[in-house]
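Heads up: the structure comes next, in structure tokens.
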Amino acid sequence: MTLKVYTSLLLLFLVNSVWTRTVRQVYDELDPEHWAHYTSECPRECFCPPSFPNALYCDNKGLKEIPPIPARIWYLYLQNNQIETVSEKPFVNATHLRWINLNKNKITNSGIESGVLSKLKRLLYLFLEDNELEEVPAPLPVGLEQLRLARNKISRIPEGVFSNLENLTMLDLHQNSLLDSALQSDTFQGLNNLMQLNIAKNSLKKMPLSIPANTLQLFLDNNSIEVIPENYFSAIPKVTFLRLNYNKLSDDGIPPNGFNVSSILDLQLSHNQLTKIPPINAHLEHLHLDHNRIKSVNGTQICPVSISVAEDYGFYGNIPRLRYLRLDGNEIQPPIPLDIMICFQLLQAVVI
């Protein structure tokens with residue numbers, strides 16, 4: 001299970017390296033005699049590096065509108081400008097775009113021309129962070145793999161906006177203005193291959209409904225969540241990394257086996273209102289419980305297997321896999337109880 005998870009994460013986080021190798025092949029095949037032609041096509045406001053003929057750098061130029069994009073461009077960098085509108089005209093010839101970075105502009109929903117994004121058929125990565133969007137833009141390119149919308153003003157997700165995005169693996173909506181009412185039971189319908197969902201720093205009071213079943217990473221930090229519903233994680237059986245730091249979780253808000261989930265390898269519950277360590281699964285490897293209200297730790301109670309069994313297994317048995325335990329910022333006094341070390345024999349670090 002762990003091997004499969006890390007393989008999937010490798011594909012998610014190193015995808016840019018794959019693209020780099022692909023583009024490098026294009027560089028090698030480029031005839032230097034064509035460089036002058038490429039330079040003449042380059043918008044005067046932008047930079048077109050001869051060694052990277054498929055990229056157009058228009059970032060940090062004080063632009064208020066998008067210049068005409070040459071047909072050869074795959075990678076378009078427009079971040080850190082004053083752009084307010086995204087219209088169809090600049091993209092008429094740009095039929096090969098894979099990557100657009102429009103972070104840190106002044107784009108609003110009304111400034112995005114209807115259908116302009118969905119017409120970019122080959123687009124895989126769309127960055128619209130740090131703009132002035134109030135809802136998820138729609139319609140979107142059906143082949144999209146990553147959509148980053150962090151630090152906007154999004155409070156609404158149009159119905160069906162994700163329904164055709166079967167290739168999307170990453171959706172980042174953190175630091176927006178989403179309430180529980182914005183996340184309906186069908187909001188994420190269609191995201192069959194989603195691996196990472198980030199809804200941190202919003203205004204949620206409840207766990208979101210109907211998270212896509214293949215989600216590996218779920219980030220819900222800095223909300224106001226108080227309760228984990230019974231059997232919530234049974235609907236997302238592959239979830240591996242779960243972040244719930246800076247919420248309002250108390251002991252009463254967690255079911256008896258709420259986090260006793262075999263798929264979870266990294267569980268972060270820092271800065272909540274817990275007074276005791278919740279039951280965990282033997283597969284868990286990293287546990288963050290710092291800055292809660294925990295006063296003591298009883299290894300016999302929190303051990304996923306009985307202490308006697310753990311002691312008998314030694315290093316050759318199926319012992320609990322916990323390697324990192326963070327408990328600082330509580331009311332716990334050292335030393336570390338011996339039964340903690342007997343149970344979690346793979347522990348490499350304990351922070352108290």
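Just remember, in the structure tokens the first chain shown is A, the second B, etc., residues are 1-based per chain, and ligands are 1-based in the order shown.
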
Excluding A:His283 and its own-chain neighbours fewer than 5 positions away, which residues fall within 8 Å of it when counting only C-alpha atoms? Please give them as JSON, numbers by chain.
{"A": [262, 263, 264, 265, 320, 321, 322]}

Identify, on the basis of only C-alpha atoms, every residue whose closest approach to A:Leu242 does not exceed 12 Å; exclude the query and any residue fewer than 4 positions from it along the same chain; express the result as a list in words.
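Contacts, with the query itself left out: Gln196, Leu197, Asn198, Ile199, Ala200, Thr215, Leu216, Gln217, Leu218, Phe219, Leu220, Asp221, Phe233, Ile236, Lys238, Phe259, Val261, Ser263, Ile264, Leu265, Asp266, Leu267, Gln268, Leu269, Ser270, Leu284, His286, Leu287 and His288 of chain A.
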
If we count only C-alpha atoms, what is near A:Gln184 at a cut-off of 12 Å, once residues fewer than 2 positions away on the same chain are taken out, given as a PyMOL selection string?
chain A and resi 156-160+178-182+186-189+206-211

Measuring between only C-alpha atoms, which one of A:Gln79, A:Ser234, A:Asn330, A:Gln348 shows the shortest distance to A:Asn257?
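Comparing A:Gln79, A:Ser234, A:Asn330, A:Gln348 against A:Asn257, the winner is A:Ser234.
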
Just the residues within 7 Å of A:Lys205, please, counting only C-alpha atoms, with nothing from its chain fewer than 2 positions along; format it as a list in words.
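That gives Asp180, Ser203, Asn223, Ser224, Ile225 and Glu226 of chain A.
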
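Residues in contact range of A:Arg151, defined as at most 7 Å between only C-alpha atoms, with sequence neighbours fewer than 2 positions away removed, read Glu129, Asp130, Leu149, Lys153, His174, Gln175 and Asn176 of chain A.
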
Selected residue, from A:Leu346, A:Ala71, A:Asn192, A:Ser177, that lies nearest to A:Ser155 when counting only C-alpha atoms:
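Closest to A:Ser155 of all the choices is A:Ser177.
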
So which bits of stretch 131-194 of chain A end up strand (DSSP E or B) when you DSSP the backbone, as a list of chain:residue names?
A:Glu135, A:Gln146, A:Leu147, A:Arg148, A:Arg156, A:Met170, A:Leu171, A:Asp172

Could you write out the selected residues, including C-alpha atoms, as a PDB file, in the first residue's frame?
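Result file is result-v7.pdb:
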```
ATOM      1  CA  GLU A 135     -16.245  32.058  -8.042  1.00  0.00           C
ATOM      2  CA  GLN A 146      -3.834  21.171 -12.201  1.00  0.00           C
ATOM      3  CA  LEU A 147      -6.041  24.107 -11.214  1.00  0.00           C
ATOM      4  CA  ARG A 148      -4.654  26.577  -8.688  1.00  0.00           C
ATOM      5  CA  ARG A 156     -19.173  30.124  -4.937  1.00  0.00           C
ATOM      6  CA  MET A 170      -4.682  18.821  -8.134  1.00  0.00           C
ATOM      7  CA  LEU A 171      -7.292  21.375  -7.045  1.00  0.00           C
ATOM      8  CA  ASP A 172      -6.101  24.227  -4.839  1.00  0.00           C
TER       9      ASP A 172
END
```

Using only C-alpha atoms, which protein or nucleic acid residues come within 12 Å of A:Pro141? Drop anything in the same chain fewer than 3 positions from it, and give the result as a ChimeraX atom specification.
/A:97-99,115-126,137-138,144-147,161-168

Pick the closest to A:Gly329 from A:Leu274, A:Cys58, A:Cys343, A:Ile112: which is it, counting only C-alpha atoms?
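Among A:Leu274, A:Cys58, A:Cys343, A:Ile112, it is A:Leu274 that comes nearest to A:Gly329.
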
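Between A:Glu65 and the residues A:Pro278, A:Pro49, A:Pro304, A:Gly111, the shortest atom-to-atom distance, using only C-alpha atoms, involves A:Gly111.
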
Identify, with DSSP run on backbone atoms, the residues in stretch 5-234 of chain A assigned to helix (DSSP H, G or I), and express the list as a ChimeraX atom specification.
/A:5-13,15-29,32-41,89-91,109-111,180-182,232-234
